[in-house]
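Data block for data06.txt (compact mmCIF, C-alpha atoms):
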# COMPACT_ATOMS: atom_id res chain seq x y z
CA MET A 1 -9.75 -29.92 -2.41
CA ASP A 2 -8.13 -28.83 -5.68
CA VAL A 3 -4.59 -27.55 -5.08
CA LYS A 4 -5.41 -24.45 -7.14
CA TYR A 5 -7.60 -23.35 -4.24
CA ILE A 6 -4.80 -23.82 -1.71
CA ASN A 7 -1.85 -22.20 -3.46
CA PRO A 8 -3.25 -18.63 -3.39
CA PHE A 9 -3.45 -18.77 0.43
CA ILE A 10 0.14 -20.08 0.68
CA ALA A 11 1.44 -17.41 -1.69
CA ALA A 12 -0.49 -14.70 0.15
CA ALA A 13 0.91 -15.64 3.56
CA GLN A 14 4.47 -15.75 2.25
CA THR A 15 4.15 -12.49 0.28
CA VAL A 16 2.63 -10.48 3.13
CA PHE A 17 5.13 -11.68 5.73
CA LYS A 18 8.01 -10.95 3.37
CA SER A 19 6.90 -7.49 2.29
CA MET A 20 5.43 -6.10 5.53
CA LEU A 21 7.50 -7.87 8.17
CA ALA A 22 10.65 -8.77 6.18
CA ILE A 23 10.21 -12.32 7.52
CA ASP A 24 10.56 -15.54 5.54
CA VAL A 25 7.97 -18.05 6.72
CA LYS A 26 8.39 -21.78 6.25
CA MET A 27 5.27 -23.84 5.69
CA GLY A 28 4.93 -27.05 7.66
CA LYS A 29 2.73 -30.06 7.03
CA PRO A 30 -0.95 -29.17 6.46
CA ILE A 31 -3.49 -30.60 8.89
CA ILE A 32 -7.13 -31.43 8.18
CA LYS A 33 -9.46 -30.29 10.96
CA ASN A 34 -13.03 -31.52 11.25
CA LYS A 35 -14.02 -29.02 13.91
CA GLY A 36 -13.91 -25.22 13.71
CA VAL A 37 -11.67 -24.38 16.64
CA ALA A 38 -9.13 -21.55 16.72
CA SER A 39 -5.56 -22.82 16.35
CA GLY A 40 -3.98 -20.10 18.48
CA ASP A 41 -4.73 -17.56 21.22
CA VAL A 42 -5.68 -14.68 18.91
CA THR A 43 -7.42 -15.28 15.60
CA GLY A 44 -8.41 -12.98 12.75
CA ILE A 45 -11.44 -14.25 10.81
CA MET A 46 -12.44 -13.19 7.32
CA GLY A 47 -15.42 -14.43 5.30
CA LEU A 48 -14.98 -14.72 1.54
CA VAL A 49 -17.83 -14.73 -0.97
CA GLY A 50 -18.17 -14.54 -4.75
CA ASP A 51 -17.43 -17.30 -7.28
CA ARG A 52 -16.65 -19.48 -4.23
CA LYS A 53 -17.38 -19.11 -0.55
CA GLY A 54 -15.39 -19.81 2.55
CA THR A 55 -13.67 -18.56 5.64
CA LEU A 56 -10.05 -17.63 6.25
CA CYS A 57 -8.51 -17.51 9.74
CA ILE A 58 -5.09 -16.22 10.74
CA SER A 59 -4.14 -17.39 14.21
CA PHE A 60 -1.16 -16.94 16.53
CA HIS A 61 -0.18 -18.01 19.99
CA GLU A 62 0.38 -15.05 22.31
CA ARG A 63 4.16 -14.88 21.94
CA GLY A 64 3.95 -15.04 18.14
CA ALA A 65 1.28 -12.33 18.03
CA LEU A 66 3.32 -10.02 20.27
CA PHE A 67 6.39 -10.56 18.08
CA VAL A 68 4.40 -9.81 14.91
CA PHE A 69 2.98 -6.66 16.54
CA LYS A 70 6.43 -5.45 17.55
CA THR A 71 7.86 -6.14 14.10
CA LEU A 72 4.93 -4.54 12.29
CA ILE A 73 4.36 -1.47 14.46
CA GLY A 74 7.68 -1.02 16.25
CA ASP A 75 6.14 -0.87 19.75
CA GLU A 76 6.48 -3.38 22.57
CA CYS A 77 3.32 -4.93 24.02
CA ASP A 78 3.26 -7.54 26.79
CA LYS A 79 -0.33 -8.79 26.46
CA LEU A 80 -3.03 -9.33 23.86
CA GLY A 81 -4.57 -5.87 24.20
CA PRO A 82 -6.57 -3.81 21.68
CA GLU A 83 -3.45 -2.66 19.79
CA VAL A 84 -2.37 -6.25 19.12
CA VAL A 85 -5.93 -7.29 18.22
CA ASP A 86 -6.12 -4.42 15.70
CA ALA A 87 -2.78 -5.42 14.15
CA ILE A 88 -3.81 -9.09 13.80
CA GLY A 89 -7.12 -7.98 12.25
CA GLU A 90 -5.31 -5.81 9.74
CA LEU A 91 -2.80 -8.57 8.95
CA THR A 92 -5.75 -10.91 8.30
CA ASN A 93 -7.30 -8.26 6.07
CA ILE A 94 -4.08 -7.85 4.09
CA ILE A 95 -3.45 -11.60 3.70
CA SER A 96 -7.06 -11.98 2.57
CA GLY A 97 -6.60 -9.15 0.06
CA GLN A 98 -3.43 -10.70 -1.33
CA ALA A 99 -5.15 -14.12 -1.58
CA ARG A 100 -8.09 -12.52 -3.43
CA LYS A 101 -5.61 -10.95 -5.84
CA GLU A 102 -3.98 -14.35 -6.44
CA PHE A 103 -7.42 -15.95 -6.96
CA GLU A 104 -8.42 -13.21 -9.38
CA GLN A 105 -5.36 -13.98 -11.50
CA ALA A 106 -6.60 -17.58 -11.57
CA GLY A 107 -10.05 -16.42 -12.74
CA VAL A 108 -11.83 -16.70 -9.37
CA ASN A 109 -13.43 -13.44 -8.20
CA LEU A 110 -13.99 -13.02 -4.47
CA SER A 111 -15.09 -10.28 -2.10
CA ALA A 112 -14.26 -10.03 1.56
CA ALA A 113 -16.35 -9.25 4.59
CA ILE A 114 -15.20 -7.11 7.51
CA PRO A 115 -12.52 -8.97 9.51
CA MET A 116 -13.23 -10.03 13.09
CA VAL A 117 -10.72 -10.96 15.74
CA VAL A 118 -11.34 -13.35 18.63
CA VAL A 119 -9.05 -13.75 21.63
CA GLY A 120 -8.98 -17.00 23.58
CA LYS A 121 -7.84 -20.58 23.40
CA ASN A 122 -9.94 -23.25 21.65
CA THR A 123 -12.53 -20.71 20.52
CA GLU A 124 -15.19 -22.39 18.39
CA MET A 125 -15.82 -20.87 14.96
CA ASN A 126 -18.33 -21.39 12.16
CA PHE A 127 -16.62 -21.81 8.79
CA ILE A 128 -19.92 -21.53 6.76
CA THR A 129 -18.82 -24.48 4.62
CA ALA A 130 -19.65 -28.18 4.83
CA ILE A 131 -16.17 -29.42 3.98
CA PRO A 132 -13.24 -29.93 6.40
CA ILE A 133 -10.90 -27.13 7.39
CA ILE A 134 -7.34 -27.10 6.12
CA SER A 135 -4.80 -25.71 8.58
CA LEU A 136 -1.48 -24.53 7.15
CA PRO A 137 1.22 -23.89 9.77
CA PHE A 138 3.84 -21.26 8.86
CA SER A 139 6.91 -21.18 11.08
CA PHE A 140 8.97 -18.04 11.65
CA SER A 141 11.96 -17.09 13.79
CA VAL A 142 11.48 -14.90 16.84
CA ASN A 143 13.95 -13.75 19.48
CA ASN A 144 16.87 -15.97 20.49
CA GLY A 145 16.40 -18.25 17.50
CA ASP A 146 13.12 -19.68 18.81
CA HIS A 147 10.29 -20.29 16.42
CA GLU A 148 6.62 -19.37 16.48
CA THR A 149 3.80 -20.40 14.17
CA MET A 150 1.15 -18.56 12.21
CA TYR A 151 -1.79 -20.85 11.43
CA LEU A 152 -3.67 -20.13 8.24
CA ASP A 153 -6.90 -22.10 8.53
CA PHE A 154 -9.43 -22.07 5.74
CA SER A 155 -12.39 -23.89 4.35
CA PHE A 156 -13.30 -23.06 0.79
CA GLU A 157 -15.85 -24.52 -1.58
CA MET B 158 8.58 22.80 7.64
CA GLY B 159 7.77 19.56 5.84
CA LYS B 160 4.68 18.97 3.78
CA CYS B 161 1.66 17.70 5.64
CA ILE B 162 0.00 14.39 4.75
CA MET B 163 -3.24 13.06 6.18
CA THR B 164 -3.49 9.28 6.71
CA VAL B 165 -7.03 7.92 6.95
CA ASP B 166 -7.65 4.34 8.06
CA ASP B 167 -9.93 2.66 10.61
CA SER B 168 -7.01 0.46 11.67
CA ALA B 169 -4.80 2.18 14.24
CA SER B 170 -2.02 -0.21 13.20
CA VAL B 171 -2.04 1.01 9.62
CA ARG B 172 -2.18 4.66 10.72
CA GLN B 173 0.80 4.02 12.97
CA MET B 174 2.78 2.26 10.22
CA VAL B 175 2.07 5.01 7.70
CA SER B 176 2.79 7.79 10.22
CA PHE B 177 6.09 6.18 11.25
CA THR B 178 7.16 5.92 7.61
CA LEU B 179 6.15 9.49 6.72
CA LYS B 180 7.55 11.16 9.83
CA GLY B 181 10.84 9.33 9.26
CA ALA B 182 10.97 10.94 5.83
CA GLY B 183 10.35 14.42 7.23
CA TYR B 184 6.63 14.83 6.58
CA GLU B 185 4.10 16.15 9.06
CA VAL B 186 1.22 13.74 9.58
CA VAL B 187 -2.43 14.15 10.55
CA GLU B 188 -4.34 10.96 11.39
CA ALA B 189 -8.05 10.31 10.87
CA CYS B 190 -9.97 7.12 11.67
CA ASP B 191 -12.54 7.30 8.84
CA GLY B 192 -13.83 9.55 6.06
CA SER B 193 -16.02 11.66 8.35
CA ASP B 194 -13.17 12.22 10.78
CA ALA B 195 -10.92 13.18 7.85
CA LEU B 196 -13.37 15.78 6.51
CA ALA B 197 -13.75 17.24 10.01
CA LYS B 198 -9.99 17.46 10.46
CA LEU B 199 -9.38 19.12 7.08
CA ASN B 200 -11.34 22.18 8.24
CA GLY B 201 -9.11 24.85 6.72
CA LYS B 202 -5.85 23.09 7.57
CA THR B 203 -3.09 23.01 4.98
CA ILE B 204 -2.88 19.39 3.84
CA ASN B 205 -0.70 18.55 0.84
CA MET B 206 -1.87 14.97 0.31
CA ILE B 207 -4.36 12.42 1.62
CA ILE B 208 -3.62 8.70 1.87
CA THR B 209 -6.83 6.80 2.56
CA ASP B 210 -8.19 3.30 3.02
CA LEU B 211 -11.24 2.29 0.98
CA ASN B 212 -13.41 0.26 3.36
CA MET B 213 -14.11 2.24 6.54
CA PRO B 214 -17.12 2.81 8.81
CA ASN B 215 -19.20 6.03 8.77
CA LEU B 216 -17.74 7.33 5.49
CA ASP B 217 -15.63 5.15 3.20
CA GLY B 218 -12.73 6.18 0.97
CA ILE B 219 -14.92 6.89 -2.07
CA GLY B 220 -17.21 9.07 0.02
CA LEU B 221 -14.20 10.90 1.39
CA ILE B 222 -12.83 11.59 -2.08
CA LYS B 223 -16.20 12.95 -3.21
CA GLY B 224 -16.39 15.12 -0.10
CA VAL B 225 -12.88 16.48 -0.60
CA ARG B 226 -13.36 17.11 -4.31
CA GLY B 227 -16.53 19.07 -3.52
CA HIS B 228 -14.58 21.43 -1.28
CA ALA B 229 -13.09 24.40 -3.15
CA SER B 230 -9.91 24.53 -1.03
CA TYR B 231 -9.10 20.86 -1.50
CA LYS B 232 -10.43 20.27 -4.99
CA PHE B 233 -7.01 19.47 -6.46
CA ILE B 234 -5.27 17.84 -3.48
CA PRO B 235 -3.64 14.49 -4.41
CA ILE B 236 -5.50 11.52 -2.88
CA ILE B 237 -3.88 8.08 -2.82
CA MET B 238 -5.91 4.99 -1.98
CA LEU B 239 -4.08 2.48 0.24
CA THR B 240 -6.25 -0.62 0.37
CA THR B 241 -6.36 -4.40 0.11
CA GLU B 242 -8.78 -4.08 -2.82
CA SER B 243 -7.09 -4.78 -6.14
CA GLN B 244 -10.06 -5.37 -8.43
CA ASP B 245 -10.12 -3.23 -11.57
CA SER B 246 -13.76 -2.33 -10.92
CA LYS B 247 -12.84 -0.88 -7.52
CA LYS B 248 -9.90 1.03 -9.00
CA GLN B 249 -12.16 2.44 -11.71
CA GLU B 250 -14.66 3.51 -9.06
CA GLY B 251 -11.87 5.30 -7.20
CA LYS B 252 -10.59 6.95 -10.35
CA SER B 253 -14.07 8.14 -11.31
CA ALA B 254 -14.51 9.66 -7.85
CA GLY B 255 -11.21 11.53 -8.24
CA ALA B 256 -8.46 9.33 -6.74
CA THR B 257 -4.97 10.28 -7.88
CA GLY B 258 -3.37 6.88 -7.34
CA TRP B 259 -3.90 3.41 -5.88
CA ILE B 260 -1.56 1.34 -3.73
CA VAL B 261 -2.51 -2.23 -2.86
CA LYS B 262 -1.56 -3.54 0.60
CA PRO B 263 0.80 -5.14 1.50
CA PHE B 264 3.07 -2.17 0.97
CA LYS B 265 6.74 -1.58 1.64
CA PRO B 266 7.62 1.76 3.27
CA GLU B 267 9.99 2.65 0.42
CA GLN B 268 7.23 1.95 -2.10
CA LEU B 269 4.88 4.31 -0.28
CA LEU B 270 7.53 7.03 -0.09
CA ALA B 271 8.38 6.63 -3.79
CA VAL B 272 4.74 7.22 -4.73
CA ILE B 273 4.51 10.26 -2.45
CA LYS B 274 7.68 11.80 -3.85
CA ARG B 275 6.47 11.20 -7.38
CA VAL B 276 3.13 12.88 -6.68
CA LEU B 277 4.32 15.74 -4.47
CA GLY B 278 7.55 16.34 -6.37
Encoded form (structure tokens):
Amino acid sequence: MDVKYINPFIAAAQTVFKSMLAIDVKMGKPIIKNKGVASGDVTGIMGLVGDRKGTLCISFHERGALFVFKTLIGDECDKLGPEVVDAIGELTNIISGQARKEFEQAGVNLSAAIPMVVVGKNTEMNFITAIPIISLPFSFSVNNGDHETMYLDFSFE
Amino acid sequence: MGKCIMTVDDSASVRQMVSFTLKGAGYEVVEACDGSDALAKLNGKTINMIITDLNMPNLDGIGLIKGVRGHASYKFIPIIMLTTESQDSKKQEGKSAGATGWIVKPFKPEQLLAVIKRVLG
């Protein structure tokens, strides 16, 4: 895949985390996935159509999602309830919007569908594309200096 | 008593973030979950500004603006769009319907407050 179709997603993830959560994320080594399976326990899914088509997923393990919710909203939550699901859906929506803005600046016009959120481990997903899925892991610090990961998985053609 | 701002978004998270920011700055806040809910909650209430999402179920942000602008009491109320949509065509659609301003998410609380202060004075 051309790197020009990857960079907007990287920039979007970093920009949104920095501006809305005041968190610097560090990208790890990308992974190629041949099967559409959720990377974490809670996953926001957004379809993209227009000059290109694809699917964007934002996925967290439970602890990471709860930390993001607390940082974003200011409330504590101890399980993946509807409040956390809503926040992950909105975060997916905002990262998708920022990515679309970056793509537009590169001359690629895209529209987004309504985001969906699935909760569960190893949930199978349809990426509507024939090409492999690229999974970008973004690490961020949580309490006590531990780290959690946001997975930005996408397939785009 | 502070000025009253209505925040309209189908995401409870966004409503909560916006409310937290506005209440911290001394504004009163009314929340609505979509355009229809917003129009129902206006109902004679003194609202000094509306901050609304674009894409919402039942009645979207453009529909809300048209509904508000068609109401004599709220014809000139400032309406700010707060949305992930950044395309010029969408912004033009909002402007034509009567939007006062447009903020693209992600937003920083201080950015939101700066826009509100500029509009409300």
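Atom pair atom CA of Ser111 of chain A / atom CA of Gly89 of chain A: separated by 16.6 Å.
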Could you check how far atom CA of Thr257 of chain B sits from atom CA of Ala112 of chain A, in Å to one decimal?
24.2 Å
Per-residue nearest contacts chain A to chain B, cut-off 9 Å, using all atoms listed in the file, as CSV:
residue,atom,partner,partner_atom,distance
A:Thr15,CA,B:Pro263,CA,8.2
A:Val16,CA,B:Pro263,CA,5.9
A:Phe17,CA,B:Pro263,CA,8.9
A:Ser19,CA,B:Lys265,CA,5.9
A:Met20,CA,B:Lys265,CA,6.1
A:Phe69,CA,B:Ser170,CA,8.8
A:Leu72,CA,B:Met174,CA,7.4
A:Ile73,CA,B:Met174,CA,5.9
A:Gly74,CA,B:Met174,CA,8.4
A:Glu83,CA,B:Ser170,CA,7.2
A:Val84,CA,B:Ser170,CA,8.5
A:Asp86,CA,B:Ser170,CA,6.4
A:Ala87,CA,B:Ser170,CA,5.4
A:Gly89,CA,B:Ser168,CA,8.5
A:Glu90,CA,B:Ser168,CA,6.8
A:Leu91,CA,B:Pro263,CA,9.0
A:Asn93,CA,B:Thr241,CA,7.2
A:Ile94,CA,B:Thr241,CA,5.7
A:Ile95,CA,B:Pro263,CA,8.0
A:Ser96,CA,B:Thr241,CA,8.0
A:Gly97,CA,B:Thr241,CA,4.8
A:Gln98,CA,B:Thr241,CA,7.1
A:Arg100,CA,B:Ser243,CA,8.3
A:Lys101,CA,B:Ser243,CA,6.4
A:Glu104,CA,B:Gln244,CA,8.1
A:Asn109,CA,B:Gln244,CA,8.7
A:Ser111,CA,B:Glu242,CA,8.9
A:Ile114,CA,B:Asn212,CA,8.6
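Within 6 Å of the point (5.1, 15.1, -1.6), counting all atoms listed in the file, the protein and nucleic acid residues come to Ile273, Lys274, Val276, Leu277 and Gly278 of chain B.
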With a distance cut-off of 6 Å and all atoms listed in the file, select the neighbouring residues of segment 52-57 of chain A, excluding the residue or stretch itself and same-chain residues fewer than 6 positions from it, and output the selection as an MDAnalysis selection string.
chainID A and resid 44:46 127 152:157
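If you look at atom CA of Ile128 of chain A and atom CA of Ala12 of chain A, they are 21.6 Å away from each other.
Nearest to Val68 of chain A of all the residues A:Asn144, A:Gln105, A:Leu48, A:Val85 is A:Val85, based on all atoms listed in the file.
Considering all atoms listed in the file, the residue among A:Ile23, A:Leu80, A:Met125, A:Val118 positioned nearest to His147 of chain A is A:Ile23.
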Ref. answer, residues at most 10 Å from (0.1, 19.4, 3.5) with all atoms listed in the file, as a count of residues only:
17
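Closest approach to Ile6 of chain A among A:His61, A:Gly107, A:Phe140, A:Pro30: A:Pro30, based on all atoms listed in the file.
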I want to know what sits within 6 Å of Thr164 of chain B, based on all atoms listed in the file, with residues of the same chain fewer than 6 positions away left out; could you give that as a PDB file with C-alpha atoms, keeping the file's coordinate frame?
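Saved result, result_39.pdb, follows:
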ATOM      1  CA  GLU B 188      -4.340  10.960  11.390  1.00  0.00           C
ATOM      2  CA  ILE B 208      -3.620   8.700   1.870  1.00  0.00           C
ATOM      3  CA  THR B 209      -6.830   6.800   2.560  1.00  0.00           C
TER       4      THR B 209
END
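Distance check against Ile10 of chain A using all atoms listed in the file: of A:Val42, A:Val49, A:Met27, A:Ile32, the minimum falls on A:Met27.
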Write out as JSON an axis-aligned box for segment 78-83 of chain A: all of its atoms listed in the file, 5 Å added on each side, centre and edge lengths in Å with one decimal.
{"center_x": -1.7, "center_y": -6.0, "center_z": 23.3, "size_x": 19.8, "size_y": 16.7, "size_z": 17.0}
Selected residue, from B:Asp191, B:Asp245, B:Gly201, B:Ser176, that lies nearest to Leu221 of chain B when counting only C-alpha atoms
B:Asp191
Test item: residues at most 7 Å from Ala38 of chain A, all atoms listed in the file, excluding those fewer than 6 positions along its chain, as JSON, numbers by chain
{"A": [59, 121, 122, 123, 124, 125]}
Residues as selected, C-alpha atoms, written as a tab-separated table (two decimals), in the frame of the given file, can you do that?
chain	number	residue	atom	x	y	z
A	59	SER	CA	-4.14	-17.39	14.21
A	121	LYS	CA	-7.84	-20.58	23.40
A	122	ASN	CA	-9.94	-23.25	21.65
A	123	THR	CA	-12.53	-20.71	20.52
A	124	GLU	CA	-15.19	-22.39	18.39
A	125	MET	CA	-15.82	-20.87	14.96
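Using all atoms listed in the file for every distance, the candidate list B:Leu211, B:Ala229, B:Leu216, B:Ile236 yields B:Leu216 as the residue closest to Asp194 of chain B.
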Completion step: segment 5-37 of chain A with N, CA and C atoms as a short mmCIF file (atom, residue, chain, number, x, y, z; two decimals), in the frame of the given file:
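Final output, saved to rebuild_8.cif:
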data_model
loop_
_atom_site.label_atom_id
_atom_site.label_comp_id
_atom_site.auth_asym_id
_atom_site.auth_seq_id
_atom_site.Cartn_x
_atom_site.Cartn_y
_atom_site.Cartn_z
N TYR A 5 -6.92 -24.17 -5.24
CA TYR A 5 -7.60 -23.35 -4.24
C TYR A 5 -6.79 -23.23 -2.95
N ILE A 6 -5.67 -23.89 -2.90
CA ILE A 6 -4.80 -23.82 -1.71
C ILE A 6 -3.62 -22.88 -1.97
N ASN A 7 -3.06 -22.99 -3.15
CA ASN A 7 -1.85 -22.20 -3.46
C ASN A 7 -1.99 -20.69 -3.26
N PRO A 8 -3.13 -20.08 -3.61
CA PRO A 8 -3.25 -18.63 -3.39
C PRO A 8 -3.09 -18.23 -1.91
N PHE A 9 -3.58 -19.08 -1.00
CA PHE A 9 -3.45 -18.77 0.43
C PHE A 9 -1.98 -18.88 0.87
N ILE A 10 -1.29 -19.90 0.34
CA ILE A 10 0.14 -20.08 0.68
C ILE A 10 0.93 -18.88 0.16
N ALA A 11 0.70 -18.54 -1.09
CA ALA A 11 1.44 -17.41 -1.69
C ALA A 11 1.15 -16.11 -0.95
N ALA A 12 -0.11 -15.93 -0.54
CA ALA A 12 -0.49 -14.70 0.15
C ALA A 12 0.23 -14.58 1.49
N ALA A 13 0.25 -15.67 2.25
CA ALA A 13 0.91 -15.64 3.56
C ALA A 13 2.40 -15.31 3.40
N GLN A 14 3.03 -15.97 2.45
CA GLN A 14 4.47 -15.75 2.25
C GLN A 14 4.75 -14.33 1.76
N THR A 15 3.94 -13.84 0.84
CA THR A 15 4.15 -12.49 0.28
C THR A 15 3.98 -11.41 1.34
N VAL A 16 2.91 -11.53 2.13
CA VAL A 16 2.63 -10.48 3.13
C VAL A 16 3.69 -10.47 4.23
N PHE A 17 4.08 -11.64 4.70
CA PHE A 17 5.13 -11.68 5.73
C PHE A 17 6.44 -11.10 5.19
N LYS A 18 6.76 -11.43 3.95
CA LYS A 18 8.01 -10.95 3.37
C LYS A 18 7.99 -9.44 3.18
N SER A 19 6.89 -8.92 2.65
CA SER A 19 6.90 -7.49 2.29
C SER A 19 6.62 -6.58 3.49
N MET A 20 5.77 -7.01 4.42
CA MET A 20 5.43 -6.10 5.53
C MET A 20 6.25 -6.34 6.78
N LEU A 21 6.76 -7.56 6.95
CA LEU A 21 7.50 -7.87 8.17
C LEU A 21 8.95 -8.23 7.88
N ALA A 22 9.30 -8.34 6.59
CA ALA A 22 10.65 -8.77 6.18
C ALA A 22 11.00 -10.11 6.84
N ILE A 23 10.02 -11.00 6.91
CA ILE A 23 10.21 -12.32 7.52
C ILE A 23 9.91 -13.40 6.47
N ASP A 24 10.82 -14.38 6.39
CA ASP A 24 10.56 -15.54 5.54
C ASP A 24 9.87 -16.60 6.39
N VAL A 25 8.68 -17.00 5.98
CA VAL A 25 7.97 -18.05 6.72
C VAL A 25 8.18 -19.38 6.02
N LYS A 26 8.21 -20.44 6.81
CA LYS A 26 8.39 -21.78 6.25
C LYS A 26 7.14 -22.59 6.54
N MET A 27 6.51 -23.10 5.49
CA MET A 27 5.27 -23.84 5.69
C MET A 27 5.55 -25.26 6.16
N GLY A 28 4.82 -25.67 7.18
CA GLY A 28 4.93 -27.05 7.66
C GLY A 28 3.86 -27.93 7.03
N LYS A 29 3.66 -29.09 7.61
CA LYS A 29 2.73 -30.06 7.03
C LYS A 29 1.27 -29.62 7.30
N PRO A 30 0.46 -29.54 6.25
CA PRO A 30 -0.95 -29.17 6.46
C PRO A 30 -1.69 -30.20 7.31
N ILE A 31 -2.67 -29.73 8.03
CA ILE A 31 -3.49 -30.60 8.89
C ILE A 31 -4.95 -30.42 8.46
N ILE A 32 -5.69 -31.51 8.43
CA ILE A 32 -7.13 -31.43 8.18
C ILE A 32 -7.85 -31.39 9.53
N LYS A 33 -8.70 -30.39 9.71
CA LYS A 33 -9.46 -30.29 10.96
C LYS A 33 -10.94 -30.48 10.66
N ASN A 34 -11.60 -31.29 11.46
CA ASN A 34 -13.03 -31.52 11.25
C ASN A 34 -13.90 -30.62 12.11
N LYS A 35 -13.26 -29.88 13.02
CA LYS A 35 -14.02 -29.02 13.91
C LYS A 35 -13.46 -27.60 13.82
N GLY A 36 -14.34 -26.60 13.80
CA GLY A 36 -13.91 -25.22 13.71
C GLY A 36 -13.48 -24.66 15.05
N VAL A 37 -12.22 -24.88 15.38
CA VAL A 37 -11.67 -24.38 16.64
C VAL A 37 -10.42 -23.57 16.33
#
